[in-house]
>>> print(open('protein07.txt').read())   # compact mmCIF, C-alpha atoms
# COMPACT_ATOMS: atom_id res chain seq x y z
CA MET A 1 17.45 -12.53 20.38
CA LYS A 2 16.63 -10.37 23.36
CA GLU A 3 13.25 -8.66 23.17
CA THR A 4 13.17 -4.89 23.01
CA GLN A 5 11.13 -2.88 25.47
CA THR A 6 8.49 -2.05 22.87
CA GLN A 7 8.17 -5.76 21.94
CA LYS A 8 7.58 -7.03 25.44
CA LYS A 9 5.60 -4.20 27.01
CA THR A 10 2.30 -2.56 26.25
CA VAL A 11 0.54 0.40 27.84
CA GLY A 12 -2.18 0.22 30.48
CA MET A 13 -4.47 2.57 32.36
CA GLU A 14 -2.06 2.80 35.27
CA ASP A 15 0.69 4.09 32.92
CA ILE A 16 -1.58 6.82 31.62
CA VAL A 17 -2.74 7.85 35.10
CA ARG A 18 0.89 7.98 36.25
CA ALA A 19 1.79 10.11 33.21
CA HIS A 20 -1.11 12.42 34.02
CA HIS A 21 0.37 13.17 37.46
CA VAL A 22 3.86 13.75 36.00
CA LEU A 23 2.61 16.08 33.31
CA ARG A 24 0.89 18.40 35.75
CA GLU A 25 4.32 20.00 36.19
CA VAL A 26 4.49 21.41 32.66
CA ILE A 27 1.43 21.07 30.45
CA ILE A 28 -1.88 22.88 30.41
CA ARG A 29 -5.15 20.99 30.41
CA THR A 30 -6.27 22.02 26.93
CA PRO A 31 -9.94 22.87 26.43
CA LEU A 32 -12.53 20.53 24.95
CA GLN A 33 -14.77 22.88 22.98
CA ARG A 34 -18.08 22.22 21.28
CA ASP A 35 -17.74 23.75 17.83
CA ALA A 36 -21.01 25.36 16.73
CA VAL A 37 -20.04 25.67 13.05
CA LEU A 38 -18.98 22.04 12.64
CA SER A 39 -21.88 20.80 14.76
CA ALA A 40 -24.37 22.56 12.49
CA LYS A 41 -22.60 21.38 9.35
CA TYR A 42 -22.69 17.68 10.31
CA GLY A 43 -25.89 17.65 12.36
CA CYS A 44 -24.19 16.39 15.52
CA ASN A 45 -22.21 17.59 18.54
CA VAL A 46 -18.62 18.10 17.42
CA TYR A 47 -16.09 18.71 20.19
CA LEU A 48 -12.52 19.81 19.47
CA LYS A 49 -9.72 18.81 21.84
CA ARG A 50 -7.48 21.83 21.36
CA GLU A 51 -3.91 20.53 21.62
CA ASP A 52 -2.99 23.40 19.30
CA LEU A 53 -3.26 25.49 22.49
CA GLN A 54 -0.73 23.35 24.38
CA VAL A 55 2.47 25.01 25.66
CA VAL A 56 4.36 23.95 22.54
CA ARG A 57 1.23 24.15 20.35
CA SER A 58 1.02 20.37 19.95
CA PHE A 59 0.35 17.23 21.98
CA LYS A 60 3.95 16.02 21.66
CA ILE A 61 5.08 17.60 24.92
CA ARG A 62 3.01 14.98 26.76
CA GLY A 63 4.99 11.97 25.64
CA ALA A 64 8.36 13.68 25.52
CA TYR A 65 8.26 15.08 29.04
CA ASN A 66 6.75 11.92 30.49
CA MET A 67 9.59 9.80 29.14
CA ILE A 68 12.43 12.22 29.90
CA ARG A 69 11.15 12.68 33.45
CA SER A 70 11.45 8.92 33.99
CA LEU A 71 15.13 8.67 33.01
CA THR A 72 17.85 7.91 35.55
CA ASP A 73 20.38 10.51 36.62
CA SER A 74 23.11 8.82 34.57
CA GLU A 75 20.91 8.82 31.46
CA LEU A 76 20.12 12.50 31.93
CA THR A 77 23.77 13.34 32.44
CA ALA A 78 24.71 11.56 29.20
CA GLY A 79 22.25 13.75 27.34
CA ILE A 80 19.35 12.89 25.09
CA VAL A 81 18.72 12.70 21.36
CA CYS A 82 15.53 12.81 19.32
CA ALA A 83 14.41 12.75 15.71
CA SER A 84 11.31 14.66 14.71
CA ALA A 85 9.40 16.32 11.89
CA GLY A 86 8.96 19.28 14.24
CA ASN A 87 6.45 18.90 17.06
CA HIS A 88 8.19 16.14 19.03
CA ALA A 89 11.36 18.20 18.72
CA GLN A 90 9.64 21.14 20.39
CA GLY A 91 8.44 18.93 23.24
CA VAL A 92 11.92 17.54 23.77
CA ALA A 93 13.52 20.99 23.52
CA PHE A 94 11.08 22.40 26.08
CA SER A 95 11.80 19.48 28.42
CA CYS A 96 15.55 19.91 28.08
CA LYS A 97 15.36 23.55 29.09
CA VAL A 98 12.97 22.93 31.99
CA LEU A 99 15.06 20.02 33.35
CA ASN A 100 18.42 21.65 32.51
CA ILE A 101 19.77 18.78 30.41
CA ARG A 102 21.51 18.82 27.04
CA GLY A 103 19.97 17.42 23.91
CA LYS A 104 20.63 16.91 20.21
CA ILE A 105 17.61 17.25 17.95
CA PHE A 106 17.61 15.86 14.42
CA MET A 107 15.00 17.19 12.00
CA PRO A 108 14.45 16.74 8.23
CA SER A 109 15.84 19.56 6.13
CA THR A 110 12.30 19.92 4.73
CA THR A 111 10.87 20.91 8.14
CA PRO A 112 8.99 24.24 7.93
CA ASN A 113 11.20 27.08 9.15
CA GLN A 114 8.62 28.09 11.74
CA LYS A 115 9.02 24.74 13.52
CA VAL A 116 12.82 24.95 13.45
CA LYS A 117 12.73 28.40 15.03
CA GLN A 118 10.30 27.22 17.68
CA VAL A 119 12.57 24.31 18.63
CA LYS A 120 15.51 26.66 19.07
CA ARG A 121 13.37 29.07 21.07
CA PHE A 122 12.00 26.43 23.42
CA GLY A 123 15.36 24.70 23.91
CA GLY A 124 17.65 27.71 24.01
CA SER A 125 21.25 26.84 24.82
CA SER A 126 20.23 23.40 26.10
CA VAL A 127 19.75 21.93 22.62
CA GLU A 128 21.60 21.59 19.33
CA VAL A 129 19.43 21.38 16.19
CA ILE A 130 20.72 19.32 13.26
CA LEU A 131 18.83 19.40 9.94
CA THR A 132 19.45 16.32 7.81
CA GLY A 133 17.78 14.34 5.02
CA ASP A 134 14.39 14.83 3.42
CA THR A 135 12.12 12.83 5.74
CA PHE A 136 11.65 11.93 9.39
CA ASP A 137 13.14 8.52 8.62
CA ASP A 138 16.37 10.13 7.38
CA ALA A 139 16.64 12.19 10.56
CA TYR A 140 15.84 9.11 12.65
CA ALA A 141 18.73 7.15 11.12
CA GLU A 142 21.21 9.92 11.94
CA ALA A 143 19.87 10.30 15.48
CA ILE A 144 20.28 6.58 16.21
CA LYS A 145 23.82 6.70 14.85
CA ILE A 146 24.77 9.55 17.23
CA CYS A 147 23.19 7.74 20.18
CA LYS A 148 25.34 4.68 19.58
CA GLU A 149 28.51 6.71 19.04
CA GLN A 150 28.12 9.01 22.04
CA GLY A 151 26.16 6.87 24.50
CA MET A 152 23.20 9.27 24.65
CA THR A 153 19.57 8.30 25.33
CA PHE A 154 17.14 8.27 22.41
CA ILE A 155 13.68 9.76 22.96
CA HIS A 156 11.50 8.09 20.37
CA PRO A 157 8.63 10.21 19.01
CA PHE A 158 6.07 7.39 19.11
CA ASP A 159 7.40 3.83 19.48
CA GLU A 160 7.93 3.80 23.25
CA PRO A 161 5.54 2.92 26.12
CA ARG A 162 6.17 6.13 28.08
CA ILE A 163 5.58 8.22 24.95
CA VAL A 164 2.31 6.40 24.24
CA ALA A 165 1.21 6.76 27.87
CA GLY A 166 1.83 10.50 27.79
CA SER A 167 -0.28 10.83 24.65
CA GLY A 168 -2.97 8.76 26.35
CA THR A 169 -3.57 11.53 28.89
CA ILE A 170 -5.49 13.34 26.14
CA GLY A 171 -8.06 10.55 26.18
CA MET A 172 -8.24 10.78 29.96
CA GLU A 173 -8.95 14.52 29.88
CA VAL A 174 -11.58 14.16 27.14
CA MET A 175 -13.52 11.42 28.92
CA GLU A 176 -13.44 13.30 32.22
CA GLU A 177 -14.94 16.43 30.64
CA LEU A 178 -17.71 14.92 28.53
CA ASP A 179 -21.10 14.66 30.20
CA VAL A 180 -21.85 11.56 28.10
CA PRO A 181 -19.32 9.24 26.42
CA ALA A 182 -18.28 10.10 22.88
CA ASP A 183 -19.86 8.05 20.11
CA TYR A 184 -16.92 8.70 17.78
CA MET A 185 -13.41 9.98 18.33
CA PHE A 186 -11.13 10.93 15.42
CA VAL A 187 -7.36 10.93 15.98
CA THR A 188 -4.48 11.68 13.61
CA ILE A 189 -1.96 8.92 12.88
CA GLY A 190 1.64 9.67 12.01
CA GLY A 191 3.81 7.14 13.82
CA GLY A 192 0.77 5.97 15.77
CA GLY A 193 1.65 7.00 19.33
CA LEU A 194 -1.26 9.43 19.72
CA ALA A 195 -3.88 7.01 18.41
CA ALA A 196 -2.46 4.17 20.50
CA GLY A 197 -2.43 6.17 23.73
CA VAL A 198 -5.84 7.79 23.33
CA SER A 199 -7.54 4.56 22.25
CA THR A 200 -6.01 2.67 25.20
CA TYR A 201 -7.70 4.96 27.70
CA VAL A 202 -10.95 5.58 25.83
CA LYS A 203 -11.64 1.94 24.99
CA THR A 204 -11.04 0.96 28.62
CA VAL A 205 -13.59 3.39 30.09
CA SER A 206 -15.96 3.51 27.10
CA PRO A 207 -15.76 0.38 24.91
CA MET A 208 -18.66 1.55 22.73
CA THR A 209 -16.84 4.68 21.56
CA GLN A 210 -15.75 4.21 17.96
CA MET A 211 -12.06 5.09 17.64
CA ILE A 212 -11.17 6.31 14.14
CA GLY A 213 -7.55 6.79 13.08
CA VAL A 214 -6.85 9.30 10.29
CA GLU A 215 -3.82 9.22 8.00
CA PRO A 216 -2.75 11.44 5.10
CA LEU A 217 -3.35 9.71 1.78
CA GLY A 218 0.27 10.14 0.76
CA ALA A 219 1.72 8.55 3.91
CA ALA A 220 -0.75 5.89 5.04
CA SER A 221 1.74 3.58 6.73
CA MET A 222 -0.69 2.30 9.41
CA ILE A 223 -3.25 1.19 6.82
CA GLU A 224 -0.50 -0.55 4.88
CA ALA A 225 0.68 -2.30 8.06
CA LYS A 226 -2.89 -3.35 8.86
CA GLU A 227 -3.43 -4.78 5.37
CA ARG A 228 -0.16 -6.73 5.42
CA GLY A 229 -0.47 -7.86 9.02
CA GLU A 230 2.90 -6.38 9.99
CA VAL A 231 4.75 -3.09 10.17
CA VAL A 232 6.25 -2.17 6.81
CA THR A 233 8.30 0.70 5.43
CA LEU A 234 6.74 2.66 2.58
CA ASN A 235 9.04 3.35 -0.35
CA GLU A 236 7.78 6.87 -1.00
CA ILE A 237 5.57 9.31 0.90
CA ASP A 238 4.09 12.75 0.33
CA LYS A 239 5.91 14.97 2.84
CA PHE A 240 3.37 17.81 2.82
CA VAL A 241 1.55 16.76 6.02
CA ASP A 242 4.87 16.95 7.83
CA GLY A 243 3.50 16.10 11.27
CA ALA A 244 2.19 12.76 9.99
CA ALA A 245 4.54 12.01 7.09
CA VAL A 246 6.10 8.80 8.42
CA LYS A 247 7.24 5.91 6.24
CA ARG A 248 6.98 3.36 9.03
CA VAL A 249 4.68 3.36 12.06
CA GLY A 250 5.94 2.15 15.41
CA GLN A 251 5.70 -1.51 16.35
CA LEU A 252 4.07 -0.79 19.72
CA PRO A 253 1.50 1.66 18.31
CA TYR A 254 0.69 -0.84 15.57
CA GLU A 255 0.09 -3.65 18.06
CA ILE A 256 -2.27 -1.41 20.05
CA CYS A 257 -4.03 0.21 17.11
CA LYS A 258 -4.78 -3.04 15.30
CA GLU A 259 -6.71 -4.18 18.39
CA LEU A 260 -8.36 -0.93 19.50
CA LEU A 261 -9.03 1.19 16.43
CA ASP A 262 -12.42 0.56 14.85
CA ASP A 263 -11.41 2.09 11.53
CA ILE A 264 -8.58 3.92 9.79
CA VAL A 265 -9.36 6.38 7.00
CA MET A 266 -7.19 8.34 4.58
CA VAL A 267 -7.55 12.05 3.88
CA PRO A 268 -6.08 13.55 0.67
CA GLU A 269 -3.54 16.28 1.30
CA GLY A 270 -5.69 18.75 -0.64
CA LYS A 271 -8.68 18.01 1.58
CA ALA A 272 -6.53 18.74 4.64
CA CYS A 273 -5.67 22.11 3.08
CA THR A 274 -9.34 22.93 2.55
CA THR A 275 -10.00 22.10 6.20
CA ILE A 276 -7.12 24.33 7.36
CA LEU A 277 -8.64 27.27 5.49
CA GLU A 278 -12.16 26.55 6.74
CA LEU A 279 -11.06 26.28 10.36
CA TYR A 280 -9.23 29.58 10.05
CA ASN A 281 -11.95 31.46 8.17
CA GLU A 282 -14.97 30.08 10.04
CA ASN A 283 -13.57 29.36 13.51
CA ALA A 284 -10.42 31.49 13.81
CA ILE A 285 -8.47 28.30 14.62
CA VAL A 286 -4.94 27.94 13.26
CA VAL A 287 -3.98 24.31 12.65
CA GLU A 288 -1.16 22.60 10.84
CA PRO A 289 -1.85 19.98 8.14
CA ALA A 290 -1.61 17.05 10.58
CA GLY A 291 -3.85 18.88 13.03
CA ALA A 292 -6.55 19.26 10.37
CA LEU A 293 -6.82 15.55 9.53
CA SER A 294 -9.26 14.62 12.28
CA VAL A 295 -11.74 17.32 11.22
CA ALA A 296 -11.22 16.64 7.52
CA ALA A 297 -12.24 13.01 8.11
CA LEU A 298 -15.74 14.01 9.26
CA ASP A 299 -16.88 14.21 5.63
CA LEU A 300 -16.03 10.52 5.24
CA TYR A 301 -18.43 9.63 8.06
CA GLY A 302 -21.30 11.88 6.98
CA ASP A 303 -24.58 10.17 7.95
CA LYS A 304 -22.91 7.88 10.51
CA ILE A 305 -22.15 10.75 12.88
CA ARG A 306 -25.46 12.59 12.47
CA GLY A 307 -27.04 13.10 15.89
CA LYS A 308 -23.95 11.70 17.66
CA ASN A 309 -21.34 13.06 20.05
CA VAL A 310 -18.07 13.38 18.16
CA VAL A 311 -14.58 14.36 19.34
CA CYS A 312 -11.78 15.47 17.01
CA VAL A 313 -8.31 15.76 18.50
CA ILE A 314 -6.59 18.83 17.02
CA SER A 315 -3.06 17.48 17.36
CA GLY A 316 -1.14 20.68 16.63
CA GLY A 317 -1.16 24.25 15.37
CA ASN A 318 2.43 24.84 14.30
CA ASN A 319 1.70 26.16 10.85
CA ASP A 320 4.20 28.34 9.02
CA ILE A 321 2.50 31.41 7.51
CA ASP A 322 4.86 31.08 4.54
CA ARG A 323 3.03 27.87 3.59
CA MET A 324 -0.38 29.47 3.30
CA GLN A 325 -0.10 30.18 -0.43
CA GLU A 326 0.76 26.55 -1.08
CA ILE A 327 -2.09 25.46 1.20
CA LYS A 328 -4.55 27.62 -0.73
CA GLU A 329 -3.22 26.30 -4.04
CA ARG A 330 -3.55 22.66 -2.99
CA SER A 331 -7.04 23.31 -1.68
CA LEU A 332 -8.22 24.95 -4.91
CA ILE A 333 -6.83 22.11 -7.01
CA TYR A 334 -8.41 19.47 -4.78
CA GLU A 335 -11.78 21.23 -4.85
CA GLY A 336 -11.64 21.39 -8.66
CA LEU A 337 -11.45 25.17 -8.68
CA LYS A 338 -7.99 25.62 -10.21
CA HIS A 339 -6.73 24.03 -13.39
CA TYR A 340 -3.48 24.35 -15.29
CA PHE A 341 -3.10 23.94 -19.04
CA MET A 342 -0.26 24.06 -21.52
CA ILE A 343 -1.90 25.82 -24.48
CA ASN A 344 -0.31 26.20 -27.89
CA PHE A 345 -1.47 29.70 -28.85
CA PRO A 346 -1.22 30.88 -32.48
CA GLN A 347 1.39 33.63 -32.60
CA ARG A 348 -0.78 36.22 -34.27
CA ALA A 349 -2.46 39.42 -33.26
CA GLY A 350 -5.69 38.89 -31.36
CA ALA A 351 -5.13 35.21 -30.43
CA LEU A 352 -5.03 35.88 -26.71
CA ARG A 353 -7.97 38.29 -26.90
CA GLU A 354 -10.03 35.61 -28.65
CA PHE A 355 -9.19 33.20 -25.83
CA LEU A 356 -10.34 35.70 -23.23
CA GLU A 357 -13.56 36.56 -25.05
CA GLU A 358 -14.55 33.21 -26.56
CA VAL A 359 -13.13 30.56 -24.19
CA LEU A 360 -13.15 31.95 -20.66
CA GLY A 361 -16.50 31.86 -18.91
CA PRO A 362 -18.01 34.85 -17.06
CA ASN A 363 -16.78 33.55 -13.68
CA ASP A 364 -13.42 32.20 -14.87
CA ASP A 365 -10.22 34.02 -13.98
CA ILE A 366 -6.66 33.66 -15.30
CA ALA A 367 -4.48 33.21 -12.22
CA ARG A 368 -1.25 32.54 -14.12
CA PHE A 369 -0.07 33.15 -17.68
CA GLU A 370 3.46 32.47 -18.83
CA TYR A 371 4.85 31.92 -22.32
CA THR A 372 7.37 29.09 -22.27
CA LYS A 373 8.63 29.51 -25.83
CA LYS A 374 8.86 32.86 -27.59
CA HIS A 375 11.09 32.47 -30.66
CA ASN A 376 8.69 30.56 -32.92
CA LYS A 377 6.56 32.99 -34.92
CA GLU A 378 4.00 30.40 -36.00
CA ASP A 379 2.89 29.28 -32.58
CA GLY A 380 4.02 29.22 -28.97
CA PRO A 381 3.04 27.24 -25.86
CA ALA A 382 1.89 29.08 -22.75
CA LEU A 383 1.35 27.88 -19.21
CA VAL A 384 -2.14 29.02 -18.19
CA GLY A 385 -3.65 28.68 -14.72
CA ILE A 386 -7.42 29.21 -14.58
CA GLU A 387 -9.38 29.65 -11.36
CA LEU A 388 -13.08 28.78 -11.42
CA LEU A 389 -15.89 29.94 -9.19
CA TYR A 390 -17.64 26.56 -9.26
CA PRO A 391 -16.24 23.06 -10.00
CA GLU A 392 -18.98 22.43 -12.56
CA ASP A 393 -17.60 25.27 -14.70
CA TYR A 394 -14.70 23.02 -15.75
CA GLY A 395 -16.62 20.93 -18.29
CA PRO A 396 -17.96 23.91 -20.26
CA LEU A 397 -14.48 25.50 -20.22
CA VAL A 398 -12.90 22.44 -21.82
CA GLU A 399 -15.78 22.21 -24.30
CA ARG A 400 -15.17 25.79 -25.43
CA MET A 401 -11.45 25.10 -25.80
CA ASN A 402 -12.21 22.11 -28.00
CA ARG A 403 -14.72 24.07 -30.06
CA LYS A 404 -12.11 26.77 -30.59
CA GLY A 405 -9.71 24.09 -31.85
CA LEU A 406 -6.99 24.85 -29.32
CA ASP A 407 -4.04 22.49 -28.94
CA TYR A 408 -3.70 22.00 -25.18
CA THR A 409 -2.60 19.62 -22.42
CA GLU A 410 -4.43 19.35 -19.08
CA LEU A 411 -1.59 19.48 -16.55
CA ASN A 412 -3.77 18.52 -13.55
CA LYS A 413 -4.18 15.12 -15.21
CA ASN A 414 -0.50 14.69 -15.99
CA MET A 415 1.35 14.66 -12.64
CA ASN A 416 4.82 14.41 -14.21
CA LEU A 417 4.30 17.62 -16.19
CA PHE A 418 2.37 19.22 -13.33
CA ASN A 419 5.19 18.66 -10.81
CA LEU A 420 7.76 19.86 -13.33
CA LEU A 421 5.97 23.07 -14.29
CA ILE A 422 3.88 24.01 -11.25
>>> encode(input="protein07.txt", output="structure tokens")
Amino acid sequence: MKETQTQKKTVGMEDIVRAHHVLREVIIRTPLQRDAVLSAKYGCNVYLKREDLQVVRSFKIRGAYNMIRSLTDSELTAGIVCASAGNHAQGVAFSCKVLNIRGKIFMPSTTPNQKVKQVKRFGGSSVEVILTGDTFDDAYAEAIKICKEQGMTFIHPFDEPRIVAGSGTIGMEVMEELDVPADYMFVTIGGGGLAAGVSTYVKTVSPMTQMIGVEPLGAASMIEAKERGEVVTLNEIDKFVDGAAVKRVGQLPYEICKELLDDIVMVPEGKACTTILELYNENAIVVEPAGALSVAALDLYGDKIRGKNVVCVISGGNNDIDRMQEIKERSLIYEGLKHYFMINFPQRAGALREFLEEVLGPNDDIARFEYTKKHNKEDGPALVGIELLYPEDYGPLVERMNRKGLDYTELNKNMNLFNLLI
């Protein structure tokens, strides 16, 4: 069987340097900023590489433009196709408009509306957006099918040497701007192209820098590949961190990451939400869930990074404002500050008042109350959401419910009921 390009070729320094020269045409050199709040919190120097300030508000333009710019005239004339959860699509759309070529862009139907609108805005009349399936992998399958049927060129979001090389220019910019080499660098992993490209450059010029890949807990396909010794396809993933929700990492990124990454850690989706809110409230930085992963991972390294120079790559800032309520909800649940119960209240006068006066603590607040059954006069279940001021208030709350003799179910501990009702 003939080897594919990604099987027989890797990425070297010369590819990244070449990509750097190509990308001067379209990208901005995003700032590397020392973050005073995070530096004080972790007792080290934390620098943020702000790819959320890129022309398409994510790093994806680097790989997309670098690859498209290398295509032959006949390939450009035939048109290009991509599959993306959102950010790669924006990079491809931007490139199509700048280079005046036509493109078809396949995105999951679950892609946040903000990202879909951005793709259409960046691409204009040069691109056609097709929403299909629930995940990136569904969109990918449809994109490949169209490529074969219509002879168009596929622009892979991560499993392609020119894509990886474009992403690697981030590492080049970071190392050129730091006065001293970074001790640690945290990079988000979705399909793996960003981590592969950045680690290729950084490990070449600074072998002692610890490269840490960060995946969402619900879509940790690189960790699974590392544990099994080969790329595998996950059966199910949590699609919330849409920029990194990939069932299968790329073969080329895997081959590079398994050699160059010093560690890969997983961040729960709720923790990413907490980080999004903290970055907004404390730093006025707007990041998307995937863009928050690198900063969220700092808690996992605690004492190891104290006194060190640390770089977090903020991979993107394409966050839909409509998602903020869900982000807050997930954060509160993760932090142990919001709990849902199904409570079987006696259907008699004063039952609810007794609950408010005898069960709720002084800092507890009912955030949701909804009767689910109203025709039974003896009793009736109600969905109750309670928001706490401190996580440690949960134990006393449950103790008071038990002392009161309430019949209840803790929905946070029953994911089937939680997903059905919440």
>>> closest_residue(input="protein07.txt", among="A:Val249, A:Leu300, A:Val398, A:Ala143", to="Ile212 (chain A)", atoms="all atoms listed in the file")
A:Leu300
>>> residues_around(input="protein07.txt", residues="region 154-159 of chain A", least_positions_apart="6", cutoff="9 Å", atoms="all atoms listed in the file", output="PyMOL selection string")
chain A and resi 6+60+63-64+67-68+79-84+88-89+92+140+143-144+147+190-194+249-253
>>> axis_aligned_box(input="protein07.txt", around="region 153-168 of chain A", padding_each_side="5 Å", output="JSON")
{"center_x": 8.3, "center_y": 6.9, "center_z": 23.5, "size_x": 32.5, "size_y": 17.9, "size_z": 19.1}
>>> closest_residue(input="protein07.txt", among="A:Ile264, A:Leu53, A:Ile321, A:Val11", to="Ile285 (chain A)", atoms="only C-alpha atoms")
A:Leu53
>>> residues_around(input="protein07.txt", residues="Leu411 (chain A)", least_positions_apart="2", cutoff="12 Å", atoms="all atoms listed in the file", output="tab-separated table (two decimals) with C-alpha atoms, in the frame of the given file")
chain	number	residue	atom	x	y	z
A	333	ILE	CA	-6.83	22.11	-7.01
A	338	LYS	CA	-7.99	25.62	-10.21
A	339	HIS	CA	-6.73	24.03	-13.39
A	340	TYR	CA	-3.48	24.35	-15.29
A	341	PHE	CA	-3.10	23.94	-19.04
A	342	MET	CA	-0.26	24.06	-21.52
A	343	ILE	CA	-1.90	25.82	-24.48
A	382	ALA	CA	1.89	29.08	-22.75
A	383	LEU	CA	1.35	27.88	-19.21
A	384	VAL	CA	-2.14	29.02	-18.19
A	385	GLY	CA	-3.65	28.68	-14.72
A	386	ILE	CA	-7.42	29.21	-14.58
A	408	TYR	CA	-3.70	22.00	-25.18
A	409	THR	CA	-2.60	19.62	-22.42
A	413	LYS	CA	-4.18	15.12	-15.21
A	414	ASN	CA	-0.50	14.69	-15.99
A	415	MET	CA	1.35	14.66	-12.64
A	416	ASN	CA	4.82	14.41	-14.21
A	417	LEU	CA	4.30	17.62	-16.19
A	418	PHE	CA	2.37	19.22	-13.33
A	419	ASN	CA	5.19	18.66	-10.81
A	420	LEU	CA	7.76	19.86	-13.33
A	421	LEU	CA	5.97	23.07	-14.29
A	422	ILE	CA	3.88	24.01	-11.25
>>> closest_residue(input="protein07.txt", among="A:Gln114, A:Ser74, A:Ser109, A:Asn363", to="Asp320 (chain A)", atoms="all atoms listed in the file")
A:Gln114
>>> closest_residue(input="protein07.txt", among="A:Tyr65, A:Phe106, A:Tyr334, A:Phe94", to="Arg162 (chain A)", atoms="all atoms listed in the file")
A:Tyr65
>>> residues_near_point(input="protein07.txt", point="(-15.0, 15.9, 19.9)", cutoff="6 Å", atoms="all atoms listed in the file", output="number ranges by chain")
A: 46-48, 310-312
>>> write_last_selection(input="protein07.txt", atoms="C-alpha atoms", output="PDB file, in the coordinates of the input")
ATOM      1  CA  VAL A  46     -18.620  18.100  17.420  1.00  0.00           C
ATOM      2  CA  TYR A  47     -16.090  18.710  20.190  1.00  0.00           C
ATOM      3  CA  LEU A  48     -12.520  19.810  19.470  1.00  0.00           C
ATOM      4  CA  VAL A 310     -18.070  13.380  18.160  1.00  0.00           C
ATOM      5  CA  VAL A 311     -14.580  14.360  19.340  1.00  0.00           C
ATOM      6  CA  CYS A 312     -11.780  15.470  17.010  1.00  0.00           C
TER       7      CYS A 312
END
>>> closest_residue(input="protein07.txt", among="A:Gly405, A:Gly316, A:Gly307, A:Gly43", to="Glu354 (chain A)", atoms="all atoms listed in the file")
A:Gly405
>>> residues_near_point(input="protein07.txt", point="(-11.9, 32.2, 20.0)", cutoff="12 Å", atoms="all atoms listed in the file", output="PyMOL selection string")
chain A and resi 31+33-36+50+53+279-286
>>> write_last_selection(input="protein07.txt", atoms="C-alpha atoms", output="mmCIF file, keeping the file's coordinate frame")
data_model
loop_
_atom_site.group_PDB
_atom_site.id
_atom_site.type_symbol
_atom_site.label_atom_id
_atom_site.label_comp_id
_atom_site.auth_asym_id
_atom_site.auth_seq_id
_atom_site.Cartn_x
_atom_site.Cartn_y
_atom_site.Cartn_z
ATOM 1 C CA PRO A 31 -9.940 22.870 26.430
ATOM 2 C CA GLN A 33 -14.770 22.880 22.980
ATOM 3 C CA ARG A 34 -18.080 22.220 21.280
ATOM 4 C CA ASP A 35 -17.740 23.750 17.830
ATOM 5 C CA ALA A 36 -21.010 25.360 16.730
ATOM 6 C CA ARG A 50 -7.480 21.830 21.360
ATOM 7 C CA LEU A 53 -3.260 25.490 22.490
ATOM 8 C CA LEU A 279 -11.060 26.280 10.360
ATOM 9 C CA TYR A 280 -9.230 29.580 10.050
ATOM 10 C CA ASN A 281 -11.950 31.460 8.170
ATOM 11 C CA GLU A 282 -14.970 30.080 10.040
ATOM 12 C CA ASN A 283 -13.570 29.360 13.510
ATOM 13 C CA ALA A 284 -10.420 31.490 13.810
ATOM 14 C CA ILE A 285 -8.470 28.300 14.620
ATOM 15 C CA VAL A 286 -4.940 27.940 13.260
#
>>> build_atoms(input="protein07.txt", residues="region 62-72 of chain A", atoms="N, CA and C atoms", output="PDB file, in the coordinates of the input")
ATOM      1  N   ARG A  62       3.506  15.959  25.799  1.00  0.00           N
ATOM      2  CA  ARG A  62       3.010  14.980  26.760  1.00  0.00           C
ATOM      3  C   ARG A  62       3.897  13.737  26.811  1.00  0.00           C
ATOM      4  N   GLY A  63       4.157  13.168  25.666  1.00  0.00           N
ATOM      5  CA  GLY A  63       4.990  11.970  25.640  1.00  0.00           C
ATOM      6  C   GLY A  63       6.445  12.254  25.935  1.00  0.00           C
ATOM      7  N   ALA A  64       6.950  13.346  25.348  1.00  0.00           N
ATOM      8  CA  ALA A  64       8.360  13.680  25.520  1.00  0.00           C
ATOM      9  C   ALA A  64       8.713  13.924  26.980  1.00  0.00           C
ATOM     10  N   TYR A  65       7.946  14.767  27.648  1.00  0.00           N
ATOM     11  CA  TYR A  65       8.260  15.080  29.040  1.00  0.00           C
ATOM     12  C   TYR A  65       8.064  13.868  29.935  1.00  0.00           C
ATOM     13  N   ASN A  66       7.014  13.101  29.672  1.00  0.00           N
ATOM     14  CA  ASN A  66       6.750  11.920  30.490  1.00  0.00           C
ATOM     15  C   ASN A  66       7.916  10.943  30.445  1.00  0.00           C
ATOM     16  N   MET A  67       8.470  10.742  29.262  1.00  0.00           N
ATOM     17  CA  MET A  67       9.590   9.800  29.140  1.00  0.00           C
ATOM     18  C   MET A  67      10.867  10.372  29.746  1.00  0.00           C
ATOM     19  N   ILE A  68      11.180  11.625  29.407  1.00  0.00           N
ATOM     20  CA  ILE A  68      12.430  12.220  29.900  1.00  0.00           C
ATOM     21  C   ILE A  68      12.436  12.287  31.420  1.00  0.00           C
ATOM     22  N   ARG A  69      11.265  12.581  31.991  1.00  0.00           N
ATOM     23  CA  ARG A  69      11.150  12.680  33.450  1.00  0.00           C
ATOM     24  C   ARG A  69      11.394  11.350  34.148  1.00  0.00           C
ATOM     25  N   SER A  70      11.278  10.250  33.401  1.00  0.00           N
ATOM     26  CA  SER A  70      11.450   8.920  33.990  1.00  0.00           C
ATOM     27  C   SER A  70      12.885   8.398  33.899  1.00  0.00           C
ATOM     28  N   LEU A  71      13.757   9.138  33.211  1.00  0.00           N
ATOM     29  CA  LEU A  71      15.130   8.670  33.010  1.00  0.00           C
ATOM     30  C   LEU A  71      15.943   8.749  34.304  1.00  0.00           C
ATOM     31  N   THR A  72      16.961   7.919  34.378  1.00  0.00           N
ATOM     32  CA  THR A  72      17.850   7.910  35.550  1.00  0.00           C
ATOM     33  C   THR A  72      18.794   9.100  35.474  1.00  0.00           C
TER      34      THR A  72
END
